[in-house]
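The structure under discussion appears below in the form of C-alpha cells.
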Amino acid sequence: MKKVRFTQFDGGMGFWVLLAILGTVIAAGLGSMYYMEHSGHWVTGMSNQVVWGMPHVFAIFLIVAASGALNVASIGSVFGKSMYKPLAPLSALLAVALLAGGLAVLVLDLGRPDRLIVAMTKYNFKSIFAWNVILYTGFMAIVGVYLWTMLDRSMKKHSSKVGLVAFVWRLILTTGTGSIFGFLVARQAYDEAIMAPMFVVMSFSFGLAMFLLVLMATYKMTNRPLGDAVVLRLKNLLGVFVAGVLYFVLAYHLMNLYATEHHGVEAFILRDGGIYTNLFWIVQIGLGSLLPLALLYGPTGKCRAWIATSAVLVILGGLAQIYVIVIGGQAYPLSLFPGYEVSSTFFDGVVNNYQPTLPETLLGLSGIAIALALTAVAVKVLRFLPESLGDESVDSEADEEAAAAKAHA
Amino acid sequence: MSEQKHPDLARREFLSSGAKLTVAGVTLASGVTLYTAAQAKPAEEAVTSKVRWGLLIDTTKCSNGCNACVSACNEWNGLESKGRPTTDAQWIRKVELKNKSTGMSHSLPVMCQHCEKPPCVDVCPTGASMKRADGIVLVDRHICIGCRYCMMACPYKARSFVHEDLENQRPHQPRGKGCVEACNLCVSRVDGGQLPACVEKCSAEGHNAMIFGDLNDPTSAIAQAVKQYPTRQIREDLDLNPGVRYQGI
C-alpha cells in the first residue's frame, strides 16, 4: 500500500463563508424549533392524522445516510480494498456527523425535547425505537473508537477489528431503522419484513452519494488532487447501490400488488396519490434512480460535474423516497372496517392532508447543516484528509490484485 | 381534632358509598334486563389482573347523529376544541359506516380499544404507554417524550397529540402539551366505582348502547352479554384481543 499523508487544511476565507452559511441554516432551524415548541405543533403541517412530518423525513434520511457513509471505511478495513483505506477517516467522520444531524432533528421535533434524559434512561426493550436509541449511541461510540484507531498510530493495529465491529453494528442499526416501519402492523404501507433490508440498501446508496459529494467538494475547495481512480470506482459503486435500491422497491411493490388487501394503498402510491405518486415516479424513480444510472454508466460517467449531479439526484430521490414512505404511508387512511365506506369527525376513511410548513422544513435542513458544519470543522482542525488522492497516490485495482496475489503466495 | 377524619379515609368512604349507589340498568333485548354494579376500589389497593375492564357497544342501539358519548367524554376530560379539527384532541369519535356492497349502514363510537396486547405499549420507547393489570391502557404523562410512535402503531387511530397550550384542565384528568393521550376508560371514575362518562351519558339518554364491566366476572352484564350474543372486535385479524367489543356489525 502506498504511503499516505493526512493533514488538516488552512481554510482561508472560503471556510469561514461556508461555516457562516451553515451556521445561518442551523440558527434558522433552532429558531423554528423554538417557535414550534413554544406554540405547540399545531403551527406545523403535522396533525393527529399525519403525526410524523418533514422533520422525520430529514432525520430518517440523515440517519440512514450516516450508516451508509461508513461503508467506504468498511470496504477498506473489512474487505481489505486498500484504495479505500485513505478515505476511511473522512468516511467515519461523515458517518458520525450525519447521525448527529439526524438525531438533532429527531430530538428537536419531539413533543417534549426537554425529556431527552428520559429517553436515555428509561427503556422499553420491546420497542424498536428504544433499541434504536441504544444503536445510535453505540454507533457514535464505536465509530469514535474506530476513528481513534485510524488517527493514533499506536492504536492502528486494532483498526480492522474495530472496523469489523462498526460494520456489523451499522448493519444492525439500519435494520433497526427500517424495522421502525416494518414492525407497524397498523398501517397498510408498512408491516413488511422487506423494510429492514431495503433500508440497509438505501443507506448504501444515500450514504455513498453524500460521501462522494463531500469528498469532491472538499478536495475542490482545498485544491488537493483527487484522481479518477478514486472517483470512478466510487461512482461505479454508487450505480450498483442505486440499482440495488430499485430492486428492493420493485420487490416491495410487487409483493403488495399481489395481495388484494394492499391494492388500495398501492393504487394510492402508484396511481392516485397526487403529490405522493408524482414524488414516487418523477423524483424517486425517474430523477433519483434511472437518470443517475444513465448518467453514471453512460458517456457522461467520466465527467466530474455529471457524477456530482448524479449524487445530488440520488440524494433528492432518497428524500422523495422517504417522504413517500413516511408521509404517503400516513396519508393513506387506516383500514378499520374493510368493505365499508367510513366517515367521522376524526378523518376516518379519507386521505389525510399534509402540507409541510417552513419551520419544519428549516428544522430538517438544519440537520444537514449540522452534519456538514461538524465535518467541515473536523477536517480543518484534525488530520482527516489525505494530502493527495491523485491517481499516483492511491492503490489502483491492479496494485490491489498484485498485493492479494503476493499475500496468497 | 379526634373527630377529624383522615382525608384519605374520608375520601375513600365517600367513594365507597358512591359506588354502592352506582347501579346501571341495561336492557339487552326486549324482556331481558341486566344490571351491573361497579365497586369502588380502595385507594391503597393495587389493581389486579383478576379484573379485565371491557366495553360492549351495541351498534343497533347507537343512532346516527347522536353524539352524547363524545360530548360527555369531552366535558369530563376537559377536551376543548380550538376550532382546528386536524389537531384537536378526540378521545372518542362517532364513525358512520356504509357497507359498499349491501348499503347497510351503522353508526358507532370508536375510542382506545384497550387491547390485551396493545401495539402502542409495544412500541413506546420509554414505557410511557402502559397497560394496567386490569386491562386499561394509559399514558404516563411524566415520561411521555412526545415521539408519536404510538400514534403510528395504533391500528384504531385512537390517540391524540396535544398540539397546543391547554386551559381549563380538569383536576381528575391532568393533560400535557407535547404528550400523547387517549381514552383511559375514565380511569379515575372507574377506580371510584363510577361508570365511564360516555357509558353513563349513553344510558342517561336512554340509548343503553354501551355496557361497561368486568369481562372476567362471569356474573357481570358484559360477560353474560358477550357469552350470549355474537360480538366483533375491530381489526380482529391482528389478534390484539381488545377490551372493547361491538355487537350488530
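Going by the C-alpha cells order, chains are called A, B, ..., each with residues numbered from 1, while ligands are numbered from 1 in the order shown.
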Within 6 Å of chain B, which residues of chain A come that close, and what is the closest atom pair and distance in Å for each? Count only C-alpha atoms and give it as CSV.
residue,atom,partner,partner_atom,distance
A:Gly40,CA,B:Glu164,CA,4.3
A:His41,CA,B:His163,CA,4.8
A:Trp42,CA,B:His163,CA,5.0
A:Ser47,CA,B:Thr87,CA,4.9
A:Asn48,CA,B:Thr87,CA,5.5
A:Leu110,CA,B:Cys147,CA,5.2
A:Gly111,CA,B:Gly178,CA,3.8
A:Arg112,CA,B:Ile145,CA,4.8
A:Arg115,CA,B:Ile145,CA,5.8
A:Ala119,CA,B:Thr126,CA,5.9
A:Lys122,CA,B:Thr126,CA,5.0
A:Tyr123,CA,B:Thr126,CA,4.9
A:Asn124,CA,B:Gly127,CA,5.2
A:Lys126,CA,B:Asp122,CA,5.7
A:Ser127,CA,B:Val123,CA,4.3
A:Phe129,CA,B:Pro125,CA,5.3
A:Ala130,CA,B:Pro125,CA,4.4
A:Leu184,CA,B:Ala153,CA,5.4
A:Ala186,CA,B:Pro155,CA,4.2
A:Gly339,CA,B:Lys100,CA,5.8
A:Tyr340,CA,B:Asn99,CA,4.4
A:Glu341,CA,B:Lys98,CA,5.0
A:Val342,CA,B:Leu97,CA,4.9
A:Ser343,CA,B:Glu96,CA,5.3
A:Ser344,CA,B:Val95,CA,4.7
Output C-alpha atoms of each residue in that selection to a file, as a PDB file, in the first residue's frame.
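The new file out.pdb reads:
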ATOM      1  CA  GLY A  40     -47.213  23.727  20.004  1.00  0.00           C
ATOM      2  CA  HIS A  41     -47.161  21.511  16.945  1.00  0.00           C
ATOM      3  CA  TRP A  42     -50.400  22.909  15.556  1.00  0.00           C
ATOM      4  CA  SER A  47     -51.719  16.679  12.862  1.00  0.00           C
ATOM      5  CA  ASN A  48     -53.370  13.789  14.664  1.00  0.00           C
ATOM      6  CA  LEU A 110     -40.257  15.674  19.958  1.00  0.00           C
ATOM      7  CA  GLY A 111     -43.312  16.949  21.781  1.00  0.00           C
ATOM      8  CA  ARG A 112     -41.117  17.125  24.875  1.00  0.00           C
ATOM      9  CA  ARG A 115     -37.266  14.991  28.309  1.00  0.00           C
ATOM     10  CA  ALA A 119     -35.416   8.710  26.544  1.00  0.00           C
ATOM     11  CA  LYS A 122     -35.949   4.632  30.571  1.00  0.00           C
ATOM     12  CA  TYR A 123     -36.072   1.786  28.111  1.00  0.00           C
ATOM     13  CA  ASN A 124     -38.890  -0.441  26.989  1.00  0.00           C
ATOM     14  CA  LYS A 126     -39.802  -4.450  23.331  1.00  0.00           C
ATOM     15  CA  SER A 127     -39.706  -1.130  21.493  1.00  0.00           C
ATOM     16  CA  PHE A 129     -37.429   2.784  18.998  1.00  0.00           C
ATOM     17  CA  ALA A 130     -35.720   2.165  22.334  1.00  0.00           C
ATOM     18  CA  LEU A 184     -46.002  -1.283  12.347  1.00  0.00           C
ATOM     19  CA  ALA A 186     -51.474  -0.987  11.915  1.00  0.00           C
ATOM     20  CA  GLY A 339     -65.681  -3.369   2.867  1.00  0.00           C
ATOM     21  CA  TYR A 340     -67.306  -0.260   4.359  1.00  0.00           C
ATOM     22  CA  GLU A 341     -67.408   3.370   3.380  1.00  0.00           C
ATOM     23  CA  VAL A 342     -66.278   5.173   6.516  1.00  0.00           C
ATOM     24  CA  SER A 343     -66.630   8.747   7.725  1.00  0.00           C
ATOM     25  CA  SER A 344     -66.137  10.575  11.019  1.00  0.00           C
TER      26      SER A 344
END
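Proximity to Pro242 (chain B) at 9 Å, evaluated using only C-alpha atoms and with sequence-adjacent residues fewer than 5 positions away removed, yields B:Gly54, B:Cys112, B:Gln113, B:His114, B:Cys115, B:Glu116, B:Lys117, B:Pro118, B:Gln233, B:Ile234, B:Glu236.
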Would you export the selected residues with C-alpha atoms as a PDB file, in the first residue's frame, please?
ATOM      1  CA  GLY B  54     -64.321  -4.044  28.967  1.00  0.00           C
ATOM      2  CA  CYS B 112     -58.991   3.340  22.514  1.00  0.00           C
ATOM      3  CA  GLN B 113     -59.859  -0.340  22.285  1.00  0.00           C
ATOM      4  CA  HIS B 114     -57.799  -1.239  25.388  1.00  0.00           C
ATOM      5  CA  CYS B 115     -56.081  -4.170  23.721  1.00  0.00           C
ATOM      6  CA  GLU B 116     -54.807  -7.090  25.725  1.00  0.00           C
ATOM      7  CA  LYS B 117     -51.644  -6.824  23.589  1.00  0.00           C
ATOM      8  CA  PRO B 118     -51.519  -3.124  22.739  1.00  0.00           C
ATOM      9  CA  GLN B 233     -63.627  -6.717  17.622  1.00  0.00           C
ATOM     10  CA  ILE B 234     -62.246  -4.119  15.209  1.00  0.00           C
ATOM     11  CA  GLU B 236     -59.750  -8.983  14.660  1.00  0.00           C
TER      12      GLU B 236
END
Problem - Minimum-distance residue to Glu205 (chain B), chosen among B:Ala225, B:Ala182, B:Leu55, B:Cys69 (using only C-alpha atoms) - result: B:Cys69
Handout entry: Spatial neighbours of Thr361 (chain A), 9 Å, only C-alpha atoms, chain gap at least 6 places, as a PyMOL selection string
Key = chain A and resi 29+32+54-55+58
Write the selection just made, keeping C-alpha atoms, as a JSON list (two decimals), in the first residue's frame?
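The resulting file, result_18.json, is shown below:
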[["chain", "number", "residue", "atom", "x", "y", "z"],
["A", 29, "GLY", "CA", -33.53, 25.50, 12.42],
["A", 32, "SER", "CA", -38.01, 27.10, 14.07],
["A", 54, "MET", "CA", -40.92, 16.89, 7.28],
["A", 55, "PRO", "CA", -38.52, 16.76, 10.27],
["A", 58, "PHE", "CA", -34.85, 14.65, 7.01]]
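Backbone DSSP over region 103-200 of chain B gives helix (DSSP H, G or I) for Pro119, Cys120, Val121, Asp122, Val123, Tyr149, Cys150, Met151, Met152, Ala153, Val187, Ser188, Arg189, Val190, Asp191, Ala197, Cys198, Val199 and Glu200 of chain B.
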Problem - Long-range neighbours of region 316-321 of chain A as number ranges by chain, 8 Å cut-off, only C-alpha atoms, 4 positions minimum in chain - result: A: 57-58, 61, 202, 206, 279-280, 283-285, 287-289, 312, 325
Output the selection as a CSV table (one decimal), in the first residue's frame - C-alpha atoms for each residue.
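What landed in again-v5.csv:
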chain,number,residue,atom,x,y,z
A,57,VAL,CA,-38.1,12.8,6.5
A,58,PHE,CA,-34.8,14.6,7.0
A,61,PHE,CA,-32.7,10.3,5.6
A,202,MET,CA,-31.0,2.7,0.8
A,206,PHE,CA,-27.7,7.7,0.2
A,279,LEU,CA,-42.8,12.1,-6.0
A,280,PHE,CA,-42.6,8.4,-6.4
A,283,VAL,CA,-38.4,12.2,-8.3
A,284,GLN,CA,-37.7,8.8,-6.7
A,285,ILE,CA,-37.7,6.6,-9.8
A,287,LEU,CA,-34.8,11.7,-11.4
A,288,GLY,CA,-33.4,9.8,-8.4
A,289,SER,CA,-32.8,6.4,-9.8
A,312,VAL,CA,-27.3,15.2,-5.9
A,325,ILE,CA,-42.8,6.1,2.8
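Straight-line separation from CA of Gly390 (chain A) to CA of Leu226 (chain A): 4.7 Å.
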